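Asks: Got a structure for you, upload_9.txt, holding compact mmCIF, C-alpha atoms.
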# COMPACT_ATOMS: atom_id res chain seq x y z
CA MET A 1 -6.84 4.06 -15.70
CA LEU A 2 -10.05 5.67 -14.45
CA PRO A 3 -11.62 2.42 -13.23
CA LEU A 4 -8.47 1.79 -11.18
CA ILE A 5 -8.57 5.23 -9.54
CA ARG A 6 -12.28 4.76 -8.89
CA ALA A 7 -11.65 1.33 -7.35
CA VAL A 8 -9.00 2.76 -5.00
CA ILE A 9 -11.26 5.65 -3.97
CA GLY A 10 -14.18 3.29 -3.43
CA ARG A 11 -12.11 0.97 -1.27
CA ASP A 12 -10.63 3.75 0.86
CA LEU A 13 -13.99 5.46 1.37
CA ARG A 14 -15.55 2.19 2.43
CA LEU A 15 -12.70 1.60 4.89
CA ALA A 16 -13.09 5.13 6.24
CA MET A 17 -16.83 4.58 6.76
CA ARG A 18 -16.08 1.45 8.77
CA ARG A 19 -13.68 3.42 10.94
CA GLN A 20 -15.46 6.69 11.45
CA ALA A 21 -13.65 7.54 14.68
CA ASP A 22 -10.65 8.78 12.65
CA ILE A 23 -12.68 11.19 10.53
CA VAL A 24 -14.62 12.44 13.53
CA ALA A 25 -11.42 13.08 15.51
CA ALA A 26 -9.92 15.32 12.82
CA VAL A 27 -13.17 17.20 12.23
CA PHE A 28 -13.72 17.78 15.95
CA PHE A 29 -10.17 19.01 16.33
CA PHE A 30 -10.90 21.58 13.63
CA ILE A 31 -14.18 22.67 15.25
CA ILE A 32 -12.69 22.91 18.73
CA VAL A 33 -9.57 24.88 17.75
CA VAL A 34 -11.57 27.34 15.65
CA SER A 35 -14.26 27.77 18.32
CA LEU A 36 -11.79 28.36 21.15
CA PHE A 37 -10.22 31.40 19.53
CA PRO A 38 -13.21 33.79 19.81
CA LEU A 39 -13.58 32.73 23.44
CA GLY A 40 -9.92 33.25 24.22
CA VAL A 41 -9.24 36.42 22.27
CA GLY A 42 -12.35 38.33 23.29
CA PRO A 43 -15.43 39.58 21.51
CA GLU A 44 -14.15 42.66 19.58
CA PRO A 45 -15.43 42.10 16.01
CA ASP A 46 -12.58 44.01 14.36
CA GLN A 47 -9.93 41.88 15.98
CA LEU A 48 -11.79 38.66 15.21
CA ARG A 49 -12.27 39.58 11.57
CA LYS A 50 -8.53 40.15 11.31
CA LEU A 51 -7.70 36.83 12.98
CA ALA A 52 -10.25 34.67 11.17
CA PRO A 53 -8.41 33.69 7.97
CA GLY A 54 -5.24 32.72 9.78
CA VAL A 55 -7.00 30.77 12.51
CA LEU A 56 -9.23 28.81 10.13
CA TRP A 57 -6.38 28.01 7.78
CA VAL A 58 -3.95 26.97 10.52
CA ALA A 59 -6.63 24.78 12.07
CA ALA A 60 -7.42 23.18 8.69
CA LEU A 61 -3.74 22.53 8.12
CA LEU A 62 -3.22 20.89 11.51
CA ALA A 63 -6.42 18.85 11.19
CA THR A 64 -5.20 17.51 7.83
CA MET A 65 -1.84 16.61 9.35
CA LEU A 66 -3.59 14.71 12.10
CA SER A 67 -4.94 12.17 9.63
CA LEU A 68 -1.82 11.92 7.43
CA PRO A 69 0.22 9.28 9.30
CA ARG A 70 -2.50 6.70 8.66
CA LEU A 71 -2.65 7.35 4.93
CA PHE A 72 -0.32 4.43 4.13
CA ALA A 73 0.44 2.96 7.56
CA ASP A 74 -2.56 0.61 7.70
CA ASP A 75 -1.99 -0.69 4.18
CA HIS A 76 1.67 -1.16 5.02
CA ARG A 77 0.94 -3.14 8.18
CA ASP A 78 -1.49 -5.64 6.68
CA GLY A 79 0.43 -6.21 3.45
CA THR A 80 -2.04 -4.59 1.07
CA LEU A 81 0.54 -1.95 0.16
CA GLU A 82 2.78 -4.69 -1.26
CA GLN A 83 -0.11 -5.91 -3.35
CA LEU A 84 -0.79 -2.39 -4.59
CA ALA A 85 2.90 -1.97 -5.46
CA LEU A 86 2.80 -5.26 -7.41
CA ALA A 87 -0.28 -4.27 -9.38
CA PRO A 88 0.47 -4.02 -13.09
CA GLN A 89 -0.60 -0.37 -13.16
CA PRO A 90 1.64 2.57 -12.23
CA LEU A 91 1.77 2.99 -8.46
CA GLY A 92 1.41 6.76 -8.95
CA LEU A 93 -2.17 6.30 -10.16
CA ILE A 94 -3.03 4.26 -7.11
CA VAL A 95 -1.49 6.96 -4.91
CA LEU A 96 -3.56 9.55 -6.78
CA GLY A 97 -6.67 7.58 -5.90
CA LYS A 98 -5.64 7.41 -2.26
CA VAL A 99 -4.93 11.17 -2.20
CA ILE A 100 -8.38 11.92 -3.61
CA ALA A 101 -9.98 9.59 -1.06
CA HIS A 102 -8.00 11.26 1.73
CA TRP A 103 -9.24 14.66 0.62
CA LEU A 104 -12.85 13.46 0.47
CA VAL A 105 -12.56 12.14 4.00
CA ALA A 106 -10.28 14.68 5.68
CA GLY A 107 -10.45 17.82 3.53
CA LEU A 108 -14.02 18.13 2.28
CA PRO A 109 -15.63 18.12 5.76
CA LEU A 110 -13.42 21.09 6.71
CA VAL A 111 -14.51 22.98 3.60
CA LEU A 112 -18.17 22.34 4.39
CA LEU A 113 -17.79 23.41 8.02
CA ALA A 114 -15.75 26.56 7.32
CA PRO A 115 -18.66 28.89 6.42
CA ILE A 116 -20.49 27.94 9.60
CA LEU A 117 -17.45 28.33 11.84
CA GLY A 118 -16.55 31.57 10.09
CA ILE A 119 -19.71 33.20 11.41
CA GLN A 120 -18.15 33.19 14.88
CA PHE A 121 -15.55 35.63 13.57
CA ASP A 122 -18.12 38.07 12.21
CA LEU A 123 -16.90 37.62 8.64
CA THR A 124 -18.92 39.24 5.86
CA ASP A 125 -20.70 37.08 3.30
CA ASP A 126 -18.05 37.86 0.71
CA ALA A 127 -15.24 36.89 3.03
CA LEU A 128 -17.02 33.66 4.02
CA ALA A 129 -17.47 32.73 0.38
CA VAL A 130 -13.80 33.37 -0.39
CA LEU A 131 -12.72 31.49 2.73
CA THR A 132 -14.72 28.44 1.67
CA LEU A 133 -13.46 28.71 -1.89
CA SER A 134 -9.85 29.04 -0.76
CA LEU A 135 -10.21 25.96 1.42
CA LEU A 136 -11.89 24.09 -1.42
CA ILE A 137 -8.95 24.84 -3.70
CA GLY A 138 -6.22 24.58 -1.07
CA THR A 139 -7.05 21.43 0.90
CA PRO A 140 -6.40 19.05 -2.04
CA ALA A 141 -2.87 20.49 -2.13
CA LEU A 142 -2.51 19.65 1.57
CA SER A 143 -3.51 16.03 0.91
CA GLY A 144 -1.21 15.71 -2.10
CA ILE A 145 1.87 17.25 -0.50
CA GLY A 146 1.19 15.43 2.76
CA ALA A 147 1.21 12.09 0.94
CA ILE A 148 4.91 12.59 0.10
CA GLY A 149 5.71 13.06 3.78
CA ALA A 150 3.54 10.13 4.81
CA ALA A 151 5.33 7.87 2.32
CA LEU A 152 8.80 9.06 3.34
CA THR A 153 8.14 8.44 7.04
CA LEU A 154 6.43 5.08 6.50
CA GLY A 155 7.68 2.49 8.96
CA VAL A 156 9.87 4.99 10.80
CA ARG A 157 9.58 4.96 14.57
CA GLY A 158 8.29 8.31 15.81
CA GLY A 159 7.34 9.06 12.23
CA GLY A 160 4.59 11.46 13.29
CA VAL A 161 7.03 14.16 14.48
CA LEU A 162 9.28 13.68 11.48
CA LEU A 163 6.24 13.92 9.23
CA SER A 164 5.30 17.32 10.68
CA LEU A 165 8.87 18.59 10.27
CA LEU A 166 8.97 17.43 6.66
CA VAL A 167 5.55 18.57 5.59
CA LEU A 168 4.94 21.84 7.46
CA PRO A 169 7.51 23.88 5.49
CA LEU A 170 5.90 22.65 2.27
CA TYR A 171 2.46 23.68 3.57
CA ILE A 172 3.52 27.27 4.23
CA PRO A 173 2.88 28.58 0.67
CA VAL A 174 -0.61 27.07 0.78
CA LEU A 175 -1.22 28.72 4.15
CA ILE A 176 0.03 32.12 2.99
CA PHE A 177 -2.03 32.23 -0.19
CA GLY A 178 -5.08 30.63 1.41
CA ALA A 179 -5.26 33.02 4.35
CA GLY A 180 -4.07 35.85 2.09
CA ALA A 181 -7.06 35.38 -0.21
CA VAL A 182 -9.50 36.01 2.64
CA ASP A 183 -7.42 38.93 3.94
CA ALA A 184 -7.41 40.50 0.51
CA THR A 185 -11.20 40.26 0.32
CA VAL A 186 -11.62 41.81 3.77
CA THR A 187 -9.36 44.73 2.86
CA GLY A 188 -11.07 45.12 -0.52
CA LEU A 189 -8.14 44.17 -2.74
CA GLY A 190 -9.77 41.19 -4.45
CA ALA A 191 -8.74 37.59 -3.95
CA GLN A 192 -8.22 36.46 -7.52
CA ALA A 193 -4.43 36.54 -7.56
CA HIS A 194 -4.20 34.54 -4.34
CA LEU A 195 -6.77 32.01 -5.51
CA SER A 196 -4.96 31.52 -8.83
CA LEU A 197 -1.70 30.79 -7.07
CA LEU A 198 -3.51 28.47 -4.69
CA GLY A 199 -5.01 26.68 -7.70
CA ALA A 200 -1.54 26.23 -9.17
CA LEU A 201 -0.31 24.74 -5.90
CA ALA A 202 -3.30 22.41 -5.77
CA LEU A 203 -2.73 21.16 -9.31
CA GLY A 204 0.92 20.57 -8.52
CA GLY A 205 0.09 18.88 -5.23
CA VAL A 206 -2.53 16.53 -6.65
CA PHE A 207 -1.04 15.61 -10.02
CA PHE A 208 2.72 15.72 -9.44
CA ALA A 209 3.06 14.69 -5.81
CA PRO A 210 1.77 11.09 -6.40
CA TRP A 211 4.89 10.22 -8.41
CA PRO A 212 7.53 11.08 -5.78
CA THR A 213 5.15 9.48 -3.27
CA ALA A 214 5.14 6.27 -5.30
CA ALA A 215 8.95 6.32 -5.46
CA ALA A 216 9.14 6.80 -1.68
CA LEU A 217 6.72 3.91 -1.14
CA ARG A 218 8.84 1.59 -3.26
CA VAL A 219 11.86 2.48 -1.12
CA ALA A 220 9.85 1.87 2.06
CA LEU A 221 8.84 -1.59 0.80
CA GLU A 222 12.36 -2.78 0.02
CA MET B 1 10.58 -19.03 -18.21
CA LEU B 2 11.82 -17.79 -14.85
CA GLU B 3 15.55 -17.69 -14.53
CA ALA B 4 17.74 -16.41 -11.74
CA SER B 5 21.49 -16.19 -11.94
CA ASN B 6 24.01 -15.53 -9.19
CA LEU B 7 21.65 -13.72 -6.86
CA GLU B 8 23.12 -12.15 -3.78
CA CYS B 9 21.17 -10.79 -0.85
CA VAL B 10 22.57 -8.35 1.68
CA ARG B 11 20.42 -7.17 4.57
CA GLY B 12 22.06 -4.40 6.56
CA GLU B 13 25.60 -5.59 7.28
CA ARG B 14 24.85 -9.26 6.80
CA ARG B 15 25.11 -11.25 3.63
CA LEU B 16 22.24 -13.75 3.65
CA PHE B 17 23.06 -15.72 0.54
CA VAL B 18 25.24 -15.48 -2.53
CA GLY B 19 25.37 -17.25 -5.87
CA VAL B 20 21.79 -18.47 -5.97
CA SER B 21 20.85 -19.65 -9.46
CA PHE B 22 17.92 -21.62 -10.77
CA GLN B 23 15.72 -22.06 -13.80
CA LEU B 24 12.05 -22.80 -13.79
CA ALA B 25 9.95 -23.79 -16.79
CA GLY B 26 6.18 -23.94 -17.23
CA GLY B 27 4.52 -26.60 -15.06
CA GLU B 28 7.37 -26.59 -12.56
CA MET B 29 7.41 -25.61 -8.95
CA LEU B 30 10.37 -24.38 -6.95
CA TYR B 31 10.29 -25.50 -3.36
CA LEU B 32 12.47 -23.17 -1.35
CA GLN B 33 13.97 -24.51 1.85
CA GLY B 34 16.18 -23.10 4.53
CA ARG B 35 16.46 -22.29 8.20
CA ASN B 36 14.68 -19.34 9.77
CA GLY B 37 16.51 -16.22 8.72
CA SER B 38 18.26 -17.83 5.77
CA GLY B 39 16.70 -15.34 3.35
CA LYS B 40 13.72 -17.23 1.90
CA THR B 41 11.36 -14.30 2.15
CA SER B 42 14.04 -11.95 0.84
CA LEU B 43 14.53 -14.19 -2.19
CA LEU B 44 10.79 -14.27 -2.86
CA ARG B 45 10.59 -10.49 -2.61
CA MET B 46 13.49 -10.26 -5.06
CA LEU B 47 11.64 -12.51 -7.49
CA CYS B 48 8.66 -10.15 -7.29
CA GLY B 49 10.84 -7.11 -7.85
CA LEU B 50 10.03 -5.60 -4.46
CA THR B 51 13.62 -5.79 -3.21
CA PRO B 52 16.50 -5.25 -5.61
CA ALA B 53 19.19 -7.94 -5.61
CA ALA B 54 22.64 -6.86 -4.40
CA SER B 55 24.02 -8.59 -7.48
CA GLY B 56 22.80 -11.06 -10.06
CA GLU B 57 19.85 -10.98 -12.39
CA ILE B 58 16.32 -12.33 -12.63
CA ARG B 59 14.84 -12.91 -16.07
CA TRP B 60 11.27 -13.66 -17.05
CA ARG B 61 10.74 -15.06 -20.56
CA GLY B 62 14.36 -14.12 -21.28
CA LYS B 63 14.16 -10.47 -20.24
CA PRO B 64 15.25 -8.86 -16.95
CA ILE B 65 12.23 -8.25 -14.72
CA ALA B 66 13.36 -4.74 -13.86
CA ARG B 67 13.04 -3.80 -17.53
CA LEU B 68 9.73 -5.64 -18.01
CA GLY B 69 8.11 -3.74 -15.13
CA ASP B 70 4.33 -3.74 -15.54
CA ASP B 71 4.42 -6.56 -18.11
CA PHE B 72 6.04 -8.83 -15.54
CA ARG B 73 3.78 -7.74 -12.71
CA SER B 74 0.68 -8.50 -14.78
CA GLU B 75 1.76 -12.16 -14.79
CA LEU B 76 2.69 -12.32 -11.13
CA CYS B 77 0.61 -13.30 -8.14
CA TYR B 78 2.34 -12.77 -4.80
CA LEU B 79 1.05 -13.89 -1.45
CA GLY B 80 3.30 -12.74 1.34
CA HIS B 81 3.64 -13.19 5.07
CA HIS B 82 0.83 -10.75 5.63
CA ASN B 83 -2.58 -11.77 4.45
CA ALA B 84 -3.20 -8.51 2.59
CA ILE B 85 -6.82 -8.52 3.65
CA LYS B 86 -8.57 -5.60 5.28
CA GLU B 87 -9.87 -6.39 8.76
CA GLU B 88 -12.74 -3.92 8.41
CA LEU B 89 -14.06 -5.52 5.22
CA THR B 90 -15.85 -8.84 4.86
CA PRO B 91 -14.17 -11.73 3.02
CA LEU B 92 -16.45 -11.11 0.05
CA GLU B 93 -15.60 -7.40 -0.10
CA ASN B 94 -11.91 -8.23 0.26
CA ILE B 95 -11.89 -10.66 -2.62
CA LEU B 96 -13.90 -8.31 -4.86
CA SER B 97 -11.81 -5.26 -4.07
CA THR B 98 -8.56 -7.18 -4.66
CA ALA B 99 -9.88 -8.25 -8.06
CA ARG B 100 -11.02 -4.72 -8.89
CA LEU B 101 -7.62 -3.26 -7.96
CA ALA B 102 -5.96 -5.85 -10.20
CA GLU B 103 -8.44 -4.82 -12.95
CA GLU B 104 -9.55 -8.41 -13.30
CA PRO B 105 -13.32 -8.43 -13.34
CA LEU B 106 -14.69 -10.98 -10.93
CA ASP B 107 -18.42 -11.26 -10.48
CA GLU B 108 -20.02 -11.87 -7.14
CA ASP B 109 -21.02 -15.46 -7.94
CA ALA B 110 -17.44 -16.42 -8.79
CA ALA B 111 -16.25 -14.76 -5.58
CA LEU B 112 -18.85 -16.66 -3.56
CA ASP B 113 -17.77 -19.89 -5.25
CA ALA B 114 -14.18 -19.22 -4.23
CA LEU B 115 -15.25 -18.58 -0.63
CA GLU B 116 -17.33 -21.75 -0.67
CA LEU B 117 -14.29 -23.71 -1.81
CA VAL B 118 -12.06 -22.38 0.97
CA GLY B 119 -14.81 -23.06 3.50
CA LEU B 120 -15.82 -19.51 4.31
CA ARG B 121 -19.38 -19.76 3.00
CA GLY B 122 -21.67 -18.41 5.68
CA ARG B 123 -18.94 -16.05 6.87
CA GLU B 124 -18.87 -13.90 3.75
CA ASP B 125 -20.73 -11.03 5.45
CA LEU B 126 -18.68 -11.02 8.65
CA ALA B 127 -15.91 -8.45 8.99
CA CYS B 128 -12.54 -10.18 8.78
CA ARG B 129 -11.48 -8.94 12.20
CA TYR B 130 -13.93 -11.44 13.72
CA LEU B 131 -12.35 -14.37 11.88
CA SER B 132 -9.76 -16.69 13.34
CA GLN B 133 -6.15 -16.65 12.14
CA GLY B 134 -6.72 -19.68 9.94
CA GLN B 135 -9.92 -18.27 8.50
CA LYS B 136 -8.12 -15.02 7.64
CA ARG B 137 -5.48 -17.05 5.83
CA ARG B 138 -8.24 -18.88 3.98
CA ALA B 139 -9.78 -15.55 2.99
CA ALA B 140 -6.40 -14.47 1.63
CA LEU B 141 -5.93 -17.74 -0.25
CA ALA B 142 -9.40 -17.55 -1.79
CA ARG B 143 -8.00 -15.32 -4.51
CA LEU B 144 -5.90 -18.23 -5.79
CA VAL B 145 -9.08 -20.06 -6.81
CA HIS B 146 -9.69 -17.86 -9.84
CA GLU B 147 -6.10 -16.74 -10.29
CA LYS B 148 -4.92 -17.27 -13.87
CA ARG B 149 -1.58 -15.46 -13.79
CA ALA B 150 1.42 -17.50 -14.82
CA LEU B 151 3.76 -17.09 -11.85
CA TRP B 152 2.65 -17.69 -8.28
CA VAL B 153 5.02 -16.66 -5.51
CA LEU B 154 3.74 -17.94 -2.18
CA ASP B 155 5.45 -17.23 1.12
CA GLU B 156 4.53 -19.94 3.62
CA PRO B 157 1.01 -20.44 2.28
CA TYR B 158 0.20 -23.21 4.76
CA VAL B 159 0.79 -21.19 7.93
CA ALA B 160 -2.21 -21.34 10.30
CA LEU B 161 -4.14 -23.68 8.01
CA ASP B 162 -5.66 -26.96 9.12
CA LYS B 163 -5.04 -30.22 7.27
CA ALA B 164 -8.01 -29.99 4.92
CA ALA B 165 -7.18 -26.42 3.90
CA THR B 166 -3.52 -27.33 3.41
CA GLU B 167 -4.50 -30.08 0.99
CA LEU B 168 -6.88 -27.72 -0.76
CA VAL B 169 -4.08 -25.19 -1.34
CA ALA B 170 -1.76 -27.95 -2.53
CA GLY B 171 -4.51 -28.98 -4.95
CA LEU B 172 -4.85 -25.40 -6.23
CA VAL B 173 -1.09 -25.18 -6.79
CA GLY B 174 -1.16 -28.59 -8.52
CA ALA B 175 -3.96 -27.48 -10.86
CA HIS B 176 -2.01 -24.30 -11.59
CA LEU B 177 1.08 -26.31 -12.52
CA GLN B 178 -1.01 -28.56 -14.72
CA ARG B 179 -2.25 -25.51 -16.63
CA GLY B 180 1.41 -24.79 -17.36
CA GLY B 181 1.90 -22.22 -14.64
CA LEU B 182 4.94 -21.73 -12.42
CA ALA B 183 5.07 -21.56 -8.66
CA VAL B 184 7.71 -20.67 -6.12
CA LEU B 185 6.89 -21.41 -2.52
CA THR B 186 8.44 -21.70 0.88
CA THR B 187 7.14 -23.87 3.65
CA HIS B 188 8.36 -25.79 6.67
CA GLN B 189 5.69 -28.44 6.23
CA THR B 190 6.06 -31.30 3.81
CA VAL B 191 2.98 -31.25 1.64
CA ALA B 192 2.74 -33.30 -1.51
CA ILE B 193 1.69 -31.32 -4.57
CA PRO B 194 -0.56 -33.59 -6.64
CA ALA B 195 0.77 -32.59 -10.08
CA GLY B 196 3.70 -30.92 -11.78
CA ALA B 197 7.43 -31.26 -11.40
CA VAL B 198 8.99 -30.10 -8.16
CA ARG B 199 12.48 -28.66 -7.90
CA GLU B 200 14.13 -27.98 -4.61
CA LEU B 201 16.46 -25.18 -3.63
CA SER B 202 17.93 -24.88 -0.20
CA LEU B 203 19.45 -21.70 1.09
CA SER B 204 22.40 -21.88 3.41
CA ALA B 205 24.77 -19.22 4.65
CA ASP B 206 27.71 -19.90 2.33
CA ALA B 207 26.26 -21.15 -0.93
CA ALA B 208 22.94 -22.24 -2.28
CA THR B 209 22.59 -25.39 -4.28
CA GLN B 210 19.94 -26.68 -6.52
CA HIS B 211 19.24 -30.33 -7.15
CA ARG B 212 16.51 -32.46 -8.57
CA PRO B 213 15.03 -34.98 -6.20
Can you turn what I pasted into structure tokens?
Replies:
Amino acid sequence: MLPLIRAVIGRDLRLAMRRQADIVAAVFFFIIVVSLFPLGVGPEPDQLRKLAPGVLWVAALLATMLSLPRLFADDHRDGTLEQLALAPQPLGLIVLGKVIAHWLVAGLPLVLLAPILGIQFDLTDDALAVLTLSLLIGTPALSGIGAIGAALTLGVRGGGVLLSLLVLPLYIPVLIFGAGAVDATVTGLGAQAHLSLLGALALGGVFFAPWPTAAALRVALE
Amino acid sequence: MLEASNLECVRGERRLFVGVSFQLAGGEMLYLQGRNGSGKTSLLRMLCGLTPAASGEIRWRGKPIARLGDDFRSELCYLGHHNAIKEELTPLENILSTARLAEEPLDEDAALDALELVGLRGREDLACRYLSQGQKRRAALARLVHEKRALWVLDEPYVALDKAATELVAGLVGAHLQRGGLAVLTTHQTVAIPAGAVRELSLSADAATQHRP
């Protein structure tokens, strides 16, 4: 079981390294969107502090969505998805491996960049720490939930738009609790409740979402 | 060992074939024939369990494949229209990662041997996107060299191959049959398989018939 997941992660990471343009595009999108806000809104620190959690979280969410359509599309096109579906192990485990690889490639860079980008919004050290932590807990949920949408829209023409329509409503709880955690820290309420709920969403997203994703993939392959 | 009874295939509004039945024992090969669009690929995908049959049943060692699930898939090797190789990876990486995903340990020497046999030695470190169509097909077929699973389902394995490679693949299938394996394949080329019994099945719009040559 574990060797299989490790093999899938290893393969996907290697493929991502050979095609770095995709990773770079999503990361730059995140940097650009977040950096434009302080320039556009103006330099009042109070206002920026209030905007920061929402802006960073919305940007992270959109950057994740940018890389979702390719999660299964390449494997589908060259026939490797069929081979994965015919492997004697449960397809859900393979999907779990792909979700983890997607997070390592598309989610983790956002987490690492968040504390640096957060400085532009004059966030306190506490708030920066909670922001990073909330992204660390929340972005795996984005990858997991997004995988369901990516599988359902596989092979559909104009699937990108449909994917956003399907996945965005499911992302909203993650957005609310993620941005809420930082807000709560800024206002002095304490972020623990928000982070716990975010953790629950992440566990659900990573460990339950692969199974409906696998079912959707089998339908797409018929 | 492999048994299909009264298979029916419906794609969209069209019925491609109905009443397809055959039996295949160890050491036998089923040679599937039919015009373009007669449902050969659909039948192969049914045999793999990728597409459900509209009606009829497929049994492996006496049990329906849908119920066997993973036990059936662990004895199945499917090579489809697409090569299932990653263009960004080298042939060597492709063969090793396919083996790792199938949880069948394959060491690097064995993989290099397989590439040598299919004539890709010297290209093992070149990303597959730089290979020609035929070389990509060879890279995909290299996994058959060490493949020990009982049932091979090959969809047009000879496409894009030159004469030497075609004979090589026929030899691999022959050796597989001699080991007591089963094979189902479609092709529009007539290639003699060196060993094993060959059954033929031709798909036509109204009914499919099976006969021994």
Asks: Pull the closest atom pair for each residue of chain B that gets at most 10 Å from chain A, along with the distance in Å to one decimal, counting all atoms listed in the file, ordering rows by chain and then ascending residue number, as a tab-separated table.
Replies:
residue	atom	partner	partner_atom	distance
B:Ser42	CA	A:Glu222	CA	9.4
B:Arg45	CA	A:Glu222	CA	8.3
B:Met46	CA	A:Glu222	CA	9.1
B:Cys48	CA	A:Leu86	CA	7.6
B:Gly49	CA	A:Leu86	CA	8.3
B:Leu50	CA	A:Glu222	CA	5.8
B:Thr51	CA	A:Glu222	CA	4.6
B:Pro52	CA	A:Glu222	CA	7.4
B:Gly69	CA	A:Pro88	CA	7.9
B:Asp70	CA	A:Pro88	CA	4.6
B:Asp71	CA	A:Pro88	CA	6.9
B:Phe72	CA	A:Pro88	CA	7.8
B:Arg73	CA	A:Pro88	CA	5.0
B:Ser74	CA	A:Pro88	CA	4.8
B:Glu75	CA	A:Pro88	CA	8.4
B:Leu76	CA	A:Leu86	CA	8.0
B:Cys77	CA	A:Leu86	CA	8.4
B:Tyr78	CA	A:Gln83	CA	7.4
B:Leu79	CA	A:Gln83	CA	8.3
B:Gly80	CA	A:Gly79	CA	7.4
B:His81	CA	A:Gly79	CA	7.9
B:His82	CA	A:Gly79	CA	5.1
B:Asn83	CA	A:Gly79	CA	6.4
B:Ala84	CA	A:Thr80	CA	4.4
B:Ile85	CA	A:Thr80	CA	6.7
B:Lys86	CA	A:Asp78	CA	7.2
B:Glu87	CA	A:Asp78	CA	8.7
B:Glu88	CA	A:Arg18	CA	6.3
B:Leu89	CA	A:Leu15	CA	7.3
B:Glu93	CA	A:Arg11	CA	9.1
B:Asn94	CA	A:Arg11	CA	9.3
B:Ser97	CA	A:Arg11	CA	6.8
B:Thr98	CA	A:Gln83	CA	8.6
B:Ala99	CA	A:Ala7	CA	9.8
B:Arg100	CA	A:Ala7	CA	6.3
B:Leu101	CA	A:Leu4	CA	6.0
B:Ala102	CA	A:Ala87	CA	6.0
B:Glu103	CA	A:Leu4	CA	6.8
B:Ala127	CA	A:Arg18	CA	9.9
Asks: Pick out the closest residue to Lys63 in chain B from this set: B:Leu30, B:Val20, B:Val145, B:Ala4. Count only C-alpha atoms.
Replies: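 Of all the options, B:Ala4 lies closest to Lys63 in chain B.
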Asks: Looking at B:Lys136, B:Glu156, B:Ala165, B:Ser55, which one is nearest to Leu117 in chain B, with distances taken over all atoms listed in the file?
Replies: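 The closest residue to Leu117 in chain B is B:Ala165.
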Asks: In Å to one decimal, how far is CA of Gly134 in chain B from CA of Val153 in chain B?
Replies: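 One can read the CA of Val153 in chain B to CA of Gly134 in chain B distance as 19.6 Å.
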Asks: Using only C-alpha atoms, can you list as a list of chain:residue names the residues within 10 Å of (-13.7, 39.5, -5.4)?
Replies: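 In the file's frame, the residues around the point are A:Asp126, A:Ala127, A:Ala129, A:Val130, A:Ala181, A:Val182, A:Ala184, A:Thr185, A:Val186, A:Gly188, A:Leu189, A:Gly190, A:Ala191, A:Gln192, A:Ala193.
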Asks: Please produce an output containing C-alpha atoms for each residue in the selection, written as a short mmCIF file (atom, residue, chain, number, x, y, z; two decimals), keeping the file's coordinate frame.
Replies:
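Contents of part-v5.cif, freshly written:
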data_model
loop_
_atom_site.label_atom_id
_atom_site.label_comp_id
_atom_site.auth_asym_id
_atom_site.auth_seq_id
_atom_site.Cartn_x
_atom_site.Cartn_y
_atom_site.Cartn_z
CA ASP A 126 -18.05 37.86 0.71
CA ALA A 127 -15.24 36.89 3.03
CA ALA A 129 -17.47 32.73 0.38
CA VAL A 130 -13.80 33.37 -0.39
CA ALA A 181 -7.06 35.38 -0.21
CA VAL A 182 -9.50 36.01 2.64
CA ALA A 184 -7.41 40.50 0.51
CA THR A 185 -11.20 40.26 0.32
CA VAL A 186 -11.62 41.81 3.77
CA GLY A 188 -11.07 45.12 -0.52
CA LEU A 189 -8.14 44.17 -2.74
CA GLY A 190 -9.77 41.19 -4.45
CA ALA A 191 -8.74 37.59 -3.95
CA GLN A 192 -8.22 36.46 -7.52
CA ALA A 193 -4.43 36.54 -7.56
#
Asks: Just how far from CA of Pro194 in chain B is CA of His176 in chain B, in Å to one decimal?
Replies: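 Value for the CA of His176 in chain B-CA of Pro194 in chain B distance: 10.6 Å.
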